[in-house]
$ cat run.cif   # mmCIF, C-alpha atoms and all ligand atoms
data_my_file
loop_
_atom_site.label_atom_id
_atom_site.label_comp_id
_atom_site.auth_asym_id
_atom_site.auth_seq_id
_atom_site.Cartn_x
_atom_site.Cartn_y
_atom_site.Cartn_z
CA MET E 1 53.33 -27.59 24.34
CA ASP E 2 51.50 -27.52 27.68
CA VAL E 3 47.91 -28.40 28.30
CA ASP E 4 46.76 -24.77 28.17
CA GLU E 5 48.36 -24.18 24.78
CA ARG E 6 46.81 -27.39 23.41
CA LYS E 7 43.43 -26.29 24.73
CA ALA E 8 43.77 -22.87 23.09
CA GLU E 9 44.74 -24.47 19.81
CA ALA E 10 41.76 -26.83 19.94
CA VAL E 11 39.39 -23.90 20.65
CA ALA E 12 40.88 -21.89 17.76
CA ALA E 13 40.52 -24.88 15.43
CA ALA E 14 36.90 -25.36 16.54
CA ILE E 15 36.14 -21.68 15.91
CA ILE E 16 37.70 -21.87 12.44
CA ILE E 17 35.65 -24.97 11.61
CA ILE E 18 32.43 -23.35 12.87
CA LEU E 19 33.11 -20.16 10.88
CA ALA E 20 33.90 -22.15 7.74
CA ALA E 21 30.72 -24.19 8.19
CA LEU E 22 28.71 -21.00 8.65
CA ALA E 23 30.24 -19.49 5.50
CA VAL E 24 29.48 -22.59 3.44
CA GLY E 25 25.96 -22.71 4.89
CA SER E 26 25.33 -19.06 4.00
CA LEU E 27 26.60 -19.66 0.48
CA LEU E 28 24.26 -22.61 0.10
CA VAL E 29 21.27 -20.61 1.41
CA ALA E 30 22.11 -17.69 -0.92
CA ALA E 31 22.47 -20.01 -3.91
CA GLY E 32 19.17 -21.72 -3.08
CA TYR E 33 17.38 -18.38 -2.76
CA TYR E 34 18.91 -17.18 -6.05
CA CYS E 35 17.64 -20.30 -7.84
CA TYR E 36 14.19 -19.88 -6.30
CA ILE E 37 13.93 -16.22 -7.39
CA GLY E 38 15.31 -17.08 -10.83
CA ALA E 39 12.69 -19.78 -11.29
CA LYS E 40 9.91 -17.41 -10.20
CA VAL E 41 11.07 -14.64 -12.54
CA SER E 42 11.38 -16.97 -15.51
CA SER E 43 7.95 -18.51 -14.90
CA ARG E 44 6.48 -14.99 -14.60
CA ARG E 45 8.16 -13.99 -17.88
CA LYS E 46 6.84 -17.11 -19.56
CA ALA E 47 3.33 -16.31 -18.35
CA LEU E 48 3.56 -12.79 -19.75
CA LYS E 49 5.07 -13.86 -23.04
CA SER E 50 2.54 -16.53 -23.88
CA PRO E 51 -0.76 -14.78 -24.53
CA GLY E 52 -3.89 -16.64 -25.54
CA SER E 53 -3.83 -18.08 -29.01
CA SER E 54 -7.46 -17.89 -29.94
CA PRO E 55 -8.12 -17.94 -33.70
CA GLY E 56 -8.91 -14.26 -33.70
CA ASP E 57 -5.81 -13.21 -31.88
CA VAL E 58 -3.80 -10.47 -33.49
CA ARG E 59 -0.30 -11.12 -34.64
CA GLY E 60 3.07 -9.75 -33.75
CA ARG E 61 3.43 -9.82 -30.01
CA GLU E 62 7.22 -9.94 -29.96
CA GLU E 63 7.33 -7.12 -27.43
CA PRO E 64 4.87 -7.91 -24.67
CA LEU E 65 4.13 -5.17 -22.21
CA ASP E 66 5.83 -6.16 -19.01
CA PRO E 67 4.57 -4.68 -15.78
CA PRO E 68 7.46 -3.57 -13.57
CA ALA E 69 8.26 -5.84 -10.66
CA ARG E 70 8.09 -2.98 -8.15
CA LYS E 71 4.30 -2.86 -8.50
CA ALA E 72 3.77 -6.39 -7.31
CA GLU E 73 0.68 -5.73 -5.23
CA ALA E 74 -1.02 -3.67 -7.93
CA GLU E 75 -0.52 -6.43 -10.48
CA VAL E 76 -3.25 -8.38 -8.76
CA GLU E 77 -5.72 -6.20 -10.64
CA VAL E 78 -3.89 -6.39 -13.93
CA VAL E 79 -3.90 -9.08 -16.54
CA VAL E 80 -1.57 -8.61 -19.46
CA SER E 81 -2.71 -10.69 -22.40
CA ALA E 82 -3.96 -13.48 -20.22
CA PRO E 83 -4.67 -16.76 -21.94
CA GLY E 84 -8.03 -16.56 -23.63
CA ALA E 85 -8.03 -12.79 -23.57
CA GLY E 86 -7.39 -12.54 -27.31
CA VAL E 87 -9.59 -10.43 -29.51
CA GLN E 88 -11.95 -11.83 -32.10
CA VAL E 89 -11.95 -10.98 -35.79
CA PHE E 90 -15.42 -10.17 -37.07
CA ALA E 91 -16.79 -10.21 -40.59
CA TYR E 92 -18.74 -7.13 -41.64
CA LYS E 93 -21.89 -9.27 -41.93
CA GLN E 94 -21.61 -10.40 -38.31
CA LEU E 95 -21.46 -6.86 -36.98
CA HIS E 96 -24.13 -5.72 -39.41
CA SER E 97 -26.55 -8.23 -37.95
CA ALA E 98 -25.34 -7.66 -34.37
CA THR E 99 -26.24 -3.96 -34.61
CA GLY E 100 -29.53 -4.36 -36.46
CA GLY E 101 -27.96 -3.24 -39.73
CA PHE E 102 -26.28 -0.28 -38.02
CA GLY E 103 -29.76 1.05 -37.40
CA ARG E 104 -30.21 4.60 -36.16
CA GLY E 105 -31.98 3.32 -33.10
CA ASN E 106 -28.80 1.56 -32.05
CA VAL E 107 -26.56 4.61 -32.19
CA VAL E 108 -25.28 5.37 -28.69
CA GLY E 109 -22.93 8.19 -29.57
CA HIS E 110 -20.75 9.95 -32.07
CA GLY E 111 -17.10 10.78 -31.73
CA SER E 112 -14.27 12.06 -33.84
CA PHE E 113 -13.69 8.55 -35.23
CA GLY E 114 -17.27 7.91 -36.22
CA SER E 115 -20.52 6.61 -34.78
CA VAL E 116 -20.86 4.10 -31.96
CA TYR E 117 -23.61 1.45 -32.13
CA LYS E 118 -24.84 -0.91 -29.48
CA GLY E 119 -25.44 -4.51 -30.42
CA ALA E 120 -25.48 -8.12 -29.30
CA LEU E 121 -23.44 -11.07 -30.51
CA ALA E 122 -24.96 -14.44 -31.32
CA ASP E 123 -23.76 -15.75 -27.94
CA GLY E 124 -25.68 -12.97 -26.18
CA ARG E 125 -22.73 -10.74 -25.29
CA ARG E 126 -23.56 -7.05 -25.52
CA ILE E 127 -21.15 -4.98 -27.53
CA ALA E 128 -20.47 -1.44 -28.69
CA VAL E 129 -19.23 -1.12 -32.27
CA LYS E 130 -17.18 1.90 -33.23
CA LEU E 131 -17.51 2.38 -36.95
CA MET E 132 -14.48 4.29 -38.11
CA ASP E 133 -15.29 6.70 -40.87
CA ARG E 134 -11.67 7.84 -41.14
CA ALA E 135 -10.21 4.40 -41.72
CA GLY E 136 -8.94 5.31 -45.17
CA LYS E 137 -6.82 8.13 -43.83
CA GLN E 138 -5.42 6.30 -40.88
CA GLY E 139 -4.43 3.33 -42.93
CA GLU E 140 -4.52 -0.37 -42.31
CA GLU E 141 -1.13 -0.42 -40.62
CA GLU E 142 -2.22 2.00 -37.93
CA PHE E 143 -5.51 0.20 -37.44
CA LYS E 144 -3.63 -3.04 -36.77
CA MET E 145 -1.27 -1.31 -34.40
CA GLU E 146 -4.26 0.08 -32.57
CA VAL E 147 -5.81 -3.35 -32.23
CA ASP E 148 -2.50 -4.83 -31.16
CA LEU E 149 -2.05 -2.24 -28.41
CA LEU E 150 -5.57 -2.66 -27.10
CA THR E 151 -5.16 -6.42 -27.11
CA ARG E 152 -2.10 -6.27 -24.93
CA LEU E 153 -3.48 -3.93 -22.31
CA ARG E 154 -5.83 -5.56 -19.86
CA SER E 155 -7.10 -4.05 -16.65
CA GLN E 156 -10.47 -3.98 -15.00
CA TYR E 157 -10.20 -0.18 -15.21
CA LEU E 158 -9.76 -0.08 -18.97
CA LEU E 159 -12.47 -0.71 -21.54
CA SER E 160 -11.98 -4.15 -23.08
CA LEU E 161 -11.65 -4.67 -26.77
CA VAL E 162 -13.79 -7.65 -27.78
CA GLY E 163 -12.57 -7.69 -31.34
CA TYR E 164 -12.31 -5.84 -34.61
CA CYS E 165 -13.45 -5.92 -38.20
CA SER E 166 -11.11 -5.30 -41.09
CA ASP E 167 -13.34 -6.59 -43.83
CA GLY E 168 -12.79 -4.92 -47.23
CA CYS E 169 -12.89 -1.19 -46.64
CA HIS E 170 -14.67 -1.51 -43.31
CA ARG E 171 -12.79 -0.76 -40.12
CA MET E 172 -14.55 -1.31 -36.82
CA LEU E 173 -13.59 -1.74 -33.22
CA VAL E 174 -15.79 -3.89 -31.02
CA TYR E 175 -15.82 -3.13 -27.32
CA GLU E 176 -17.64 -4.44 -24.29
CA TYR E 177 -20.89 -2.53 -23.90
CA MET E 178 -21.08 -0.07 -21.03
CA THR E 179 -24.74 0.30 -20.07
CA ASN E 180 -24.46 3.76 -18.59
CA GLY E 181 -22.38 5.31 -21.36
CA GLY E 182 -20.01 8.21 -20.85
CA LEU E 183 -19.52 10.11 -17.57
CA GLN E 184 -20.29 13.41 -19.29
CA GLU E 185 -23.84 12.23 -20.02
CA HIS E 186 -24.40 11.93 -16.27
CA LEU E 187 -22.69 15.14 -15.26
CA TYR E 188 -24.57 17.13 -17.90
CA PRO E 189 -27.65 14.98 -18.45
CA THR E 190 -29.65 17.10 -20.88
CA GLY E 191 -26.75 17.13 -23.30
CA GLY E 192 -26.76 20.89 -22.94
CA LEU E 193 -24.13 22.78 -21.03
CA ARG E 194 -25.99 23.96 -17.95
CA GLY E 195 -29.64 22.96 -17.98
CA GLY E 196 -29.56 19.42 -16.57
CA VAL E 197 -29.45 18.20 -13.02
CA SER E 198 -26.95 15.44 -12.44
CA LYS E 199 -28.10 12.40 -10.48
CA LEU E 200 -24.59 11.35 -9.57
CA ASN E 201 -24.15 11.55 -5.82
CA TRP E 202 -20.88 12.25 -4.03
CA GLU E 203 -20.06 8.61 -3.29
CA THR E 204 -20.54 7.59 -6.91
CA ARG E 205 -18.41 10.50 -8.09
CA MET E 206 -15.60 9.46 -5.77
CA LYS E 207 -15.81 5.84 -6.88
CA ILE E 208 -15.62 6.96 -10.51
CA ALA E 209 -12.70 9.28 -9.70
CA LEU E 210 -10.79 6.44 -8.05
CA GLU E 211 -11.44 3.86 -10.76
CA ALA E 212 -10.54 6.27 -13.55
CA ALA E 213 -7.35 7.14 -11.64
CA LYS E 214 -6.52 3.43 -11.45
CA GLY E 215 -7.02 3.17 -15.22
CA LEU E 216 -4.47 5.92 -15.82
CA GLU E 217 -2.16 4.51 -13.17
CA TYR E 218 -2.16 1.22 -15.06
CA LEU E 219 -1.30 2.91 -18.36
CA HIS E 220 1.47 5.01 -16.80
CA GLU E 221 3.03 2.65 -14.33
CA HIS E 222 2.10 -0.95 -14.92
CA VAL E 223 3.05 -1.31 -18.56
CA ASN E 224 6.39 -0.87 -20.19
CA PRO E 225 6.83 1.39 -22.04
CA PRO E 226 4.19 3.58 -20.40
CA VAL E 227 1.15 4.55 -22.44
CA ILE E 228 0.12 8.19 -22.41
CA HIS E 229 -3.60 8.51 -22.98
CA ARG E 230 -3.46 11.98 -24.60
CA ASP E 231 -7.21 12.42 -24.64
CA PHE E 232 -8.39 11.74 -21.11
CA LYS E 233 -11.77 13.41 -20.55
CA SER E 234 -15.19 12.71 -19.08
CA SER E 235 -16.56 11.24 -22.33
CA ASN E 236 -13.71 8.72 -22.29
CA ILE E 237 -14.73 7.43 -18.87
CA LEU E 238 -17.43 4.85 -19.48
CA LEU E 239 -19.78 3.47 -16.83
CA ASP E 240 -21.19 -0.02 -16.51
CA LYS E 241 -24.57 -0.91 -15.10
CA ASN E 242 -23.28 -0.50 -11.53
CA PHE E 243 -21.49 2.76 -12.33
CA HIS E 244 -18.07 1.18 -12.25
CA ALA E 245 -15.76 3.26 -14.41
CA LYS E 246 -13.44 2.22 -17.22
CA VAL E 247 -11.12 4.41 -19.21
CA SER E 248 -11.57 4.22 -22.98
CA ASP E 249 -9.88 5.41 -26.16
CA PHE E 250 -6.33 5.19 -24.84
CA GLY E 251 -5.18 3.49 -28.02
CA LEU E 252 -7.09 5.73 -30.36
CA ALA E 253 -5.50 8.77 -28.81
CA LYS E 254 -2.11 7.33 -29.69
CA LEU E 255 -3.19 6.81 -33.28
CA GLY E 256 -4.05 10.47 -33.52
CA SER E 257 -0.47 11.47 -32.89
CA ASP E 258 0.46 11.11 -36.52
CA LYS E 259 0.19 13.89 -39.00
CA ALA E 260 -2.58 13.65 -41.54
CA GLY E 261 -2.24 15.43 -44.85
CA GLY E 262 0.60 17.60 -43.60
CA HIS E 263 -1.51 19.05 -40.82
CA VAL E 264 -1.22 18.05 -37.22
CA SER E 265 -4.38 16.14 -36.35
CA THR E 266 -6.63 17.94 -33.86
CA ARG E 267 -6.40 14.83 -31.67
CA VAL E 268 -2.76 15.59 -31.07
CA LEU E 269 -3.96 18.53 -29.07
CA GLY E 270 -6.57 16.45 -27.30
CA THR E 271 -9.81 18.14 -26.40
CA GLN E 272 -10.21 21.80 -25.55
CA GLY E 273 -10.08 22.48 -21.85
CA TYR E 274 -8.31 19.23 -20.95
CA VAL E 275 -4.90 19.82 -22.49
CA ALA E 276 -1.93 20.54 -20.25
CA PRO E 277 -0.38 23.94 -21.00
CA GLU E 278 3.10 22.61 -21.82
CA TYR E 279 1.66 20.13 -24.30
CA ALA E 280 -0.54 22.75 -25.94
CA LEU E 281 2.34 25.22 -26.20
CA THR E 282 5.31 23.04 -27.07
CA GLY E 283 3.91 19.62 -27.93
CA HIS E 284 6.02 18.21 -25.10
CA LEU E 285 4.10 15.16 -23.95
CA THR E 286 4.60 13.16 -20.75
CA THR E 287 2.41 11.17 -18.42
CA LYS E 288 2.02 14.42 -16.47
CA SER E 289 -0.08 15.74 -19.37
CA ASP E 290 -2.61 13.01 -18.55
CA VAL E 291 -2.42 13.98 -14.87
CA TYR E 292 -3.47 17.51 -15.82
CA SER E 293 -6.43 16.18 -17.85
CA TYR E 294 -7.35 13.97 -14.91
CA GLY E 295 -7.37 17.08 -12.67
CA VAL E 296 -9.82 18.72 -15.07
CA VAL E 297 -12.14 15.70 -14.80
CA LEU E 298 -11.91 15.91 -10.99
CA LEU E 299 -12.97 19.55 -11.28
CA GLU E 300 -15.93 18.50 -13.43
CA LEU E 301 -16.93 15.98 -10.74
CA LEU E 302 -16.65 18.64 -8.03
CA THR E 303 -18.28 21.56 -9.80
CA GLY E 304 -20.55 19.96 -12.42
CA ARG E 305 -19.13 22.43 -14.95
CA VAL E 306 -17.75 21.67 -18.40
CA PRO E 307 -14.06 22.51 -18.93
CA VAL E 308 -14.76 25.39 -21.29
CA ASP E 309 -18.00 27.36 -21.47
CA MET E 310 -17.56 30.82 -22.95
CA LYS E 311 -21.23 31.61 -22.31
CA ARG E 312 -20.47 31.96 -18.63
CA PRO E 313 -19.68 35.38 -17.12
CA SER E 314 -16.22 36.79 -17.68
CA GLY E 315 -13.57 34.92 -15.68
CA GLU E 316 -15.70 31.78 -15.34
CA GLY E 317 -15.40 30.41 -18.88
CA VAL E 318 -12.31 28.27 -18.35
CA LEU E 319 -12.91 25.84 -15.51
CA VAL E 320 -9.28 25.50 -14.38
CA SER E 321 -8.63 29.26 -14.25
CA TRP E 322 -11.87 29.89 -12.38
CA ALA E 323 -11.58 27.01 -9.92
CA LEU E 324 -7.84 26.90 -9.14
CA PRO E 325 -7.67 29.96 -6.82
CA ARG E 326 -10.71 28.66 -4.92
CA LEU E 327 -9.58 25.07 -4.45
CA THR E 328 -7.32 25.61 -1.47
CA ASP E 329 -9.68 27.90 0.41
CA ARG E 330 -12.09 25.96 2.65
CA GLU E 331 -14.74 28.70 2.50
CA LYS E 332 -14.52 29.21 -1.23
CA VAL E 333 -14.34 25.58 -2.24
CA VAL E 334 -17.85 24.80 -1.02
CA GLN E 335 -19.12 27.73 -3.08
CA ILE E 336 -17.93 26.15 -6.32
CA MET E 337 -19.47 22.73 -5.67
CA ASP E 338 -22.01 21.30 -8.08
CA PRO E 339 -25.45 22.49 -6.91
CA SER E 340 -26.85 19.11 -8.09
CA LEU E 341 -25.11 17.54 -5.08
CA GLU E 342 -27.41 19.56 -2.82
CA GLU E 343 -24.62 19.80 -0.25
CA ARG E 344 -24.73 16.06 0.39
CA TYR E 345 -21.03 15.59 1.07
CA THR E 346 -18.60 16.12 3.92
CA VAL E 347 -16.59 19.30 3.67
CA LYS E 348 -13.53 17.41 4.88
CA GLU E 349 -13.70 15.09 1.87
CA VAL E 350 -14.41 17.93 -0.52
CA VAL E 351 -11.35 19.82 0.76
CA GLN E 352 -9.20 16.72 0.24
CA VAL E 353 -10.41 16.13 -3.30
CA ALA E 354 -10.08 19.82 -4.15
CA ALA E 355 -6.46 19.71 -2.95
CA ILE E 356 -5.75 16.72 -5.21
CA ALA E 357 -7.38 18.51 -8.16
CA ALA E 358 -5.31 21.63 -7.44
CA MET E 359 -2.10 19.61 -7.56
CA CYS E 360 -3.09 17.86 -10.80
CA VAL E 361 -3.80 21.08 -12.70
CA GLN E 362 -0.60 22.84 -11.66
CA PRO E 363 0.78 24.72 -14.68
CA GLU E 364 4.24 23.30 -13.91
CA ALA E 365 4.23 19.61 -14.89
CA ASP E 366 6.83 18.64 -12.29
CA TYR E 367 4.59 19.80 -9.45
CA ARG E 368 1.79 17.47 -10.51
CA PRO E 369 1.55 14.15 -8.65
CA LEU E 370 1.94 10.69 -10.14
CA MET E 371 -1.31 8.84 -10.76
CA ALA E 372 -0.21 6.32 -8.12
CA ASP E 373 -0.18 9.16 -5.57
CA VAL E 374 -3.63 10.26 -6.68
CA VAL E 375 -4.92 6.72 -6.27
CA GLN E 376 -3.43 6.48 -2.77
CA SER E 377 -5.08 9.75 -1.76
CA LEU E 378 -8.49 8.74 -3.07
CA VAL E 379 -8.59 5.21 -1.68
CA PRO E 380 -9.58 6.28 1.89
CA LEU E 381 -12.46 8.33 0.50
CA VAL E 382 -13.99 5.32 -1.20
CA LYS E 383 -12.94 2.44 1.06
CA HIS E 384 -15.39 0.88 3.50
CA LYS E 385 -18.32 2.60 1.87
CA SER E 386 -21.28 0.61 0.67
CA THR E 387 -21.84 0.42 -3.08
CA ALA E 388 -22.41 3.95 -4.28
CA LYS E 389 -25.68 4.81 -5.91
CA VAL E 390 -27.12 7.56 -8.01
CA GLY E 391 -30.09 9.74 -7.18
CA SER E 392 -33.65 8.49 -7.26
CA SER E 393 -34.95 9.89 -10.53
CA SER E 394 -32.26 8.71 -12.91
CA SER E 395 -33.56 7.76 -16.34
CA PHE E 396 -30.73 5.31 -16.97
CA HIS E 397 -31.05 1.56 -16.83
CA HIS E 398 -29.66 0.48 -13.49
CA THR E 399 -30.78 -0.89 -10.14
CA PRO E 400 -33.31 1.48 -8.56
CA PRO E 401 -31.28 3.65 -6.20
CA LYS E 402 -31.98 4.89 -2.69
CA SER E 403 -31.75 8.52 -1.64
CA PRO E 404 -28.19 9.58 -1.06
CA VAL E 405 -27.08 9.56 2.56
CA MET E 406 -24.79 12.25 3.88
CA PRO E 407 -21.59 10.49 4.86
CA GLY E 408 -20.23 11.29 8.27
CA GLY E 409 -23.47 12.93 9.31
CA SER E 410 -22.54 16.54 8.64
CA LYS E 411 -21.02 18.63 5.94
N1 LIG D 1 -18.21 0.76 -25.11
C1 LIG D 1 -19.21 1.63 -25.07
N2 LIG D 1 -20.37 1.31 -24.46
C2 LIG D 1 -21.39 2.19 -24.40
N3 LIG D 1 -21.36 3.42 -24.93
C3 LIG D 1 -20.23 3.79 -25.58
C4 LIG D 1 -19.11 2.93 -25.67
N4 LIG D 1 -18.13 3.59 -26.36
C5 LIG D 1 -18.61 4.80 -26.64
N5 LIG D 1 -19.89 4.94 -26.18
C6 LIG D 1 -20.75 6.11 -26.30
O1 LIG D 1 -20.44 6.76 -27.50
C7 LIG D 1 -20.06 8.12 -27.25
C8 LIG D 1 -19.04 8.53 -28.25
O2 LIG D 1 -17.83 7.87 -27.98
P1 LIG D 1 -16.51 8.20 -28.80
O3 LIG D 1 -15.39 7.58 -28.05
O4 LIG D 1 -16.66 7.78 -30.21
O5 LIG D 1 -16.42 9.77 -28.80
P2 LIG D 1 -16.07 10.80 -27.65
O6 LIG D 1 -15.28 10.13 -26.59
O7 LIG D 1 -17.33 11.47 -27.20
O8 LIG D 1 -15.19 11.86 -28.41
P3 LIG D 1 -13.75 11.67 -29.06
O9 LIG D 1 -13.93 10.93 -30.33
O10 LIG D 1 -13.27 13.05 -29.27
O11 LIG D 1 -12.92 10.90 -28.08
C9 LIG D 1 -19.60 8.12 -25.80
O12 LIG D 1 -19.77 9.38 -25.20
C10 LIG D 1 -20.50 7.09 -25.16
O13 LIG D 1 -21.70 7.69 -24.79
MG MG D 2 -14.29 8.37 -26.58
#
$ encode --input "run.cif" --output "structure tokens"
Amino acid sequence: MDVDERKAEAVAAAIIIILAALAVGSLLVAAGYYCYIGAKVSSRRKALKSPGSSPGDVRGREEPLDPPARKAEAEVEVVVSAPGAGVQVFAYKQLHSATGGFGRGNVVGHGSFGSVYKGALADGRRIAVKLMDRAGKQGEEEFKMEVDLLTRLRSQYLLSLVGYCSDGCHRMLVYEYMTNGGLQEHLYPTGGLRGGVSKLNWETRMKIALEAAKGLEYLHEHVNPPVIHRDFKSSNILLDKNFHAKVSDFGLAKLGSDKAGGHVSTRVLGTQGYVAPEYALTGHLTTKSDVYSYGVVLLELLTGRVPVDMKRPSGEGVLVSWALPRLTDREKVVQIMDPSLEERYTVKEVVQVAAIAAMCVQPEADYRPLMADVVQSLVPLVKHKSTAKVGSSSSFHHTPPKSPVMPGGSK
């Protein structure tokens, strides 16, 4: 073997050694990374599977709602059964005294499940108590399931359940109190269909639209299995003292899916004017049914009209049918805007929101967007804007507002 051959052999041996070292190194790095990810995942699972164990916590959380990993950035806003987030169990007496004996003066609304009372707990927390007058029919089992579901869903865009009362025959749900009540009260302030003038300006409407969209996005995409609201509507969007929006009644809507007395509960069909056509016709329910209802609420925010008003002239009674052909026409869309807005909006933004609404209320469910898409489209319309305010003569309890300013300078 001459010198050259020996040299070549040495080089080949060196290359083999380097390659082998590289392979071993890569394996070690991969194994290390695998262990790191494994540790992260298991600690994340542990965090999700160990909810708070306050005395009032409901039982039976064997199947926690796991947010999918693909929504990592959105999870920042979401807390699933965080420690200490458990609900409280109230005795009837406690809620009786918290609401002034369920006095008439404390009634803040009535719904299909009964009356809602405002109240205050001994520690000063303000609450809303929903007194269920149909508890007998729904049964204890369903009531517990309802509480369990609400306990496990936590998002800043969903109304929080403070606790519940299951004392004797009494069934009550105790929620955080939302100072400004339901969105519909602000869109149609006199309680009548057309008489009132809304004080909600464009910026506030967009903020509400975005936050409500985030509430639905959470239900559809950040919990597993997804929760379909089934009764999304303006009265189920509640507003706090700063007009931040939270979606309510997502668990109650689920309860209503069962048959009562052999008849399909009216809640199965949601509320007139908000129900997606395929659900109304076939009972086929998907998250896209909620997207349709969301589109109807967007139309309410744009036009200031209720979803169904048969007192209107022919062809204008059903909001979706009347608005849909006008939504994609720049000239026509400004003609259907809520006169209460007094043209204080930018046409560009209106056109964008109208296009989103048009997609949401498509008769074909597959053509409707996901709520995540809706959120993405609305974010730029709300971002970088100062806290939205309502008009100057609002009769609701909130910080005195300034006159609305036309964004962008022109319409
Ligand atoms: N947490 C709350 N804080 C303040 N007000 C509330 C709260 N929950 C409900 N309300 C008020 O009570 C009203 C009735 O609410 P409820 O959910 O019982 O019925 P609804 O949403 O109008 O109709 P439905 O029962 O068909 O869903 C709401 O419109 C709102 O004004
Ligand atoms: Mg409601």
$ residues_near_ligand --input "run.cif" --ligand "ligand LIG 1 (chain D)" --cutoff "6 Å" --atoms "only C-alpha atoms and all ligand atoms" --output "list in words"
Val108, Gly109, His110, Gly111, Ser112, Phe113, Val116, Ala128, Tyr175, Glu176, Tyr177, Met178, Thr179, Gly181, Gly182, Ser235 and Asn236 of chain E
$ atom_distance --input "run.cif" --atom1 "atom CA of E:Ala357" --atom2 "atom CA of E:Val247"
18.3 Å
$ residues_near_point --input "run.cif" --point "(-22.5, 0.3, -17.0)" --cutoff "8 Å" --atoms "all atoms listed in the file" --output "JSON list (two decimals) with C-alpha atoms, in the frame of the given file"
[["chain", "number", "residue", "atom", "x", "y", "z"],
["E", 177, "TYR", "CA", -20.89, -2.53, -23.90],
["E", 178, "MET", "CA", -21.08, -0.07, -21.03],
["E", 179, "THR", "CA", -24.74, 0.30, -20.07],
["E", 180, "ASN", "CA", -24.46, 3.76, -18.59],
["E", 181, "GLY", "CA", -22.38, 5.31, -21.36],
["E", 238, "LEU", "CA", -17.43, 4.85, -19.48],
["E", 239, "LEU", "CA", -19.78, 3.47, -16.83],
["E", 240, "ASP", "CA", -21.19, -0.02, -16.51],
["E", 241, "LYS", "CA", -24.57, -0.91, -15.10],
["E", 242, "ASN", "CA", -23.28, -0.50, -11.53],
["E", 243, "PHE", "CA", -21.49, 2.76, -12.33],
["E", 244, "HIS", "CA", -18.07, 1.18, -12.25],
["E", 245, "ALA", "CA", -15.76, 3.26, -14.41],
["E", 398, "HIS", "CA", -29.66, 0.48, -13.49]]
$ residues_around --input "run.cif" --residues "E:Ser289" --least-positions-apart "4" --cutoff "7 Å" --atoms "all atoms listed in the file" --output "ChimeraX atom specification"
/E:276,279,285,293
$ atom_distance --input "run.cif" --atom1 "atom CA of E:Met145" --atom2 "atom CA of E:Ile237"
22.3 Å
$ closest_residue --input "run.cif" --among "E:Leu302, E:Ile228, E:Leu183, E:Cys165" --to "ligand MG 2 (chain D)" --atoms "only C-alpha atoms and all ligand atoms"
E:Leu183
$ closest_residue --input "run.cif" --among "E:Glu9, E:Asp133, E:Glu203, E:Asp148" --to "E:Arg344" --atoms "all atoms listed in the file"
E:Glu203
$ closest_residue --input "run.cif" --among "E:Gly124, E:Gly251, E:Gly103, E:Pro380" --to "ligand MG 2 (chain D)" --atoms "only C-alpha atoms and all ligand atoms"
E:Gly251
$ atom_distance --input "run.cif" --atom1 "atom CA of E:Asp167" --atom2 "atom CA of E:Ser115"
17.5 Å
$ closest_residue --input "run.cif" --among "E:Lys7, E:Arg152, E:Lys246, E:Lys311" --to "E:Leu210" --atoms "only C-alpha atoms"
E:Lys246
$ closest_residue --input "run.cif" --among "E:Arg104, E:Arg305, E:Lys130, E:Lys348" --to "ligand MG 2 (chain D)" --atoms "all atoms listed in the file"
E:Lys130
$ closest_residue --input "run.cif" --among "E:Ser234, E:Gln184, E:Ser198, E:Gln94" --to "E:Ser166" --atoms "all atoms listed in the file"
E:Gln94
$ residues_around --input "run.cif" --residues "E:Val308" --least-positions-apart "2" --cutoff "9 Å" --atoms "all atoms listed in the file" --output "mmCIF file with C-alpha atoms, in the coordinates of the input"
data_model
loop_
_atom_site.group_PDB
_atom_site.id
_atom_site.type_symbol
_atom_site.label_atom_id
_atom_site.label_comp_id
_atom_site.auth_asym_id
_atom_site.auth_seq_id
_atom_site.Cartn_x
_atom_site.Cartn_y
_atom_site.Cartn_z
ATOM 1 C CA GLN E 272 -10.210 21.800 -25.550
ATOM 2 C CA GLY E 273 -10.080 22.480 -21.850
ATOM 3 C CA TYR E 274 -8.310 19.230 -20.950
ATOM 4 C CA ARG E 305 -19.130 22.430 -14.950
ATOM 5 C CA VAL E 306 -17.750 21.670 -18.400
ATOM 6 C CA MET E 310 -17.560 30.820 -22.950
ATOM 7 C CA GLU E 316 -15.700 31.780 -15.340
ATOM 8 C CA GLY E 317 -15.400 30.410 -18.880
ATOM 9 C CA VAL E 318 -12.310 28.270 -18.350
ATOM 10 C CA LEU E 319 -12.910 25.840 -15.510
ATOM 11 C CA VAL E 320 -9.280 25.500 -14.380
#
$ residues_around --input "run.cif" --residues "E:Pro369" --least-positions-apart "4" --cutoff "9 Å" --atoms "all atoms listed in the file" --output "MDAnalysis selection string"
chainID E and resid 288 291 356 359:360 365 373:374
$ residues_around --input "run.cif" --residues "E:Ala355" --least-positions-apart "3" --cutoff "7 Å" --atoms "only C-alpha atoms" --output "PyMOL selection string"
chain E and resi 327-328+351-352+358-359
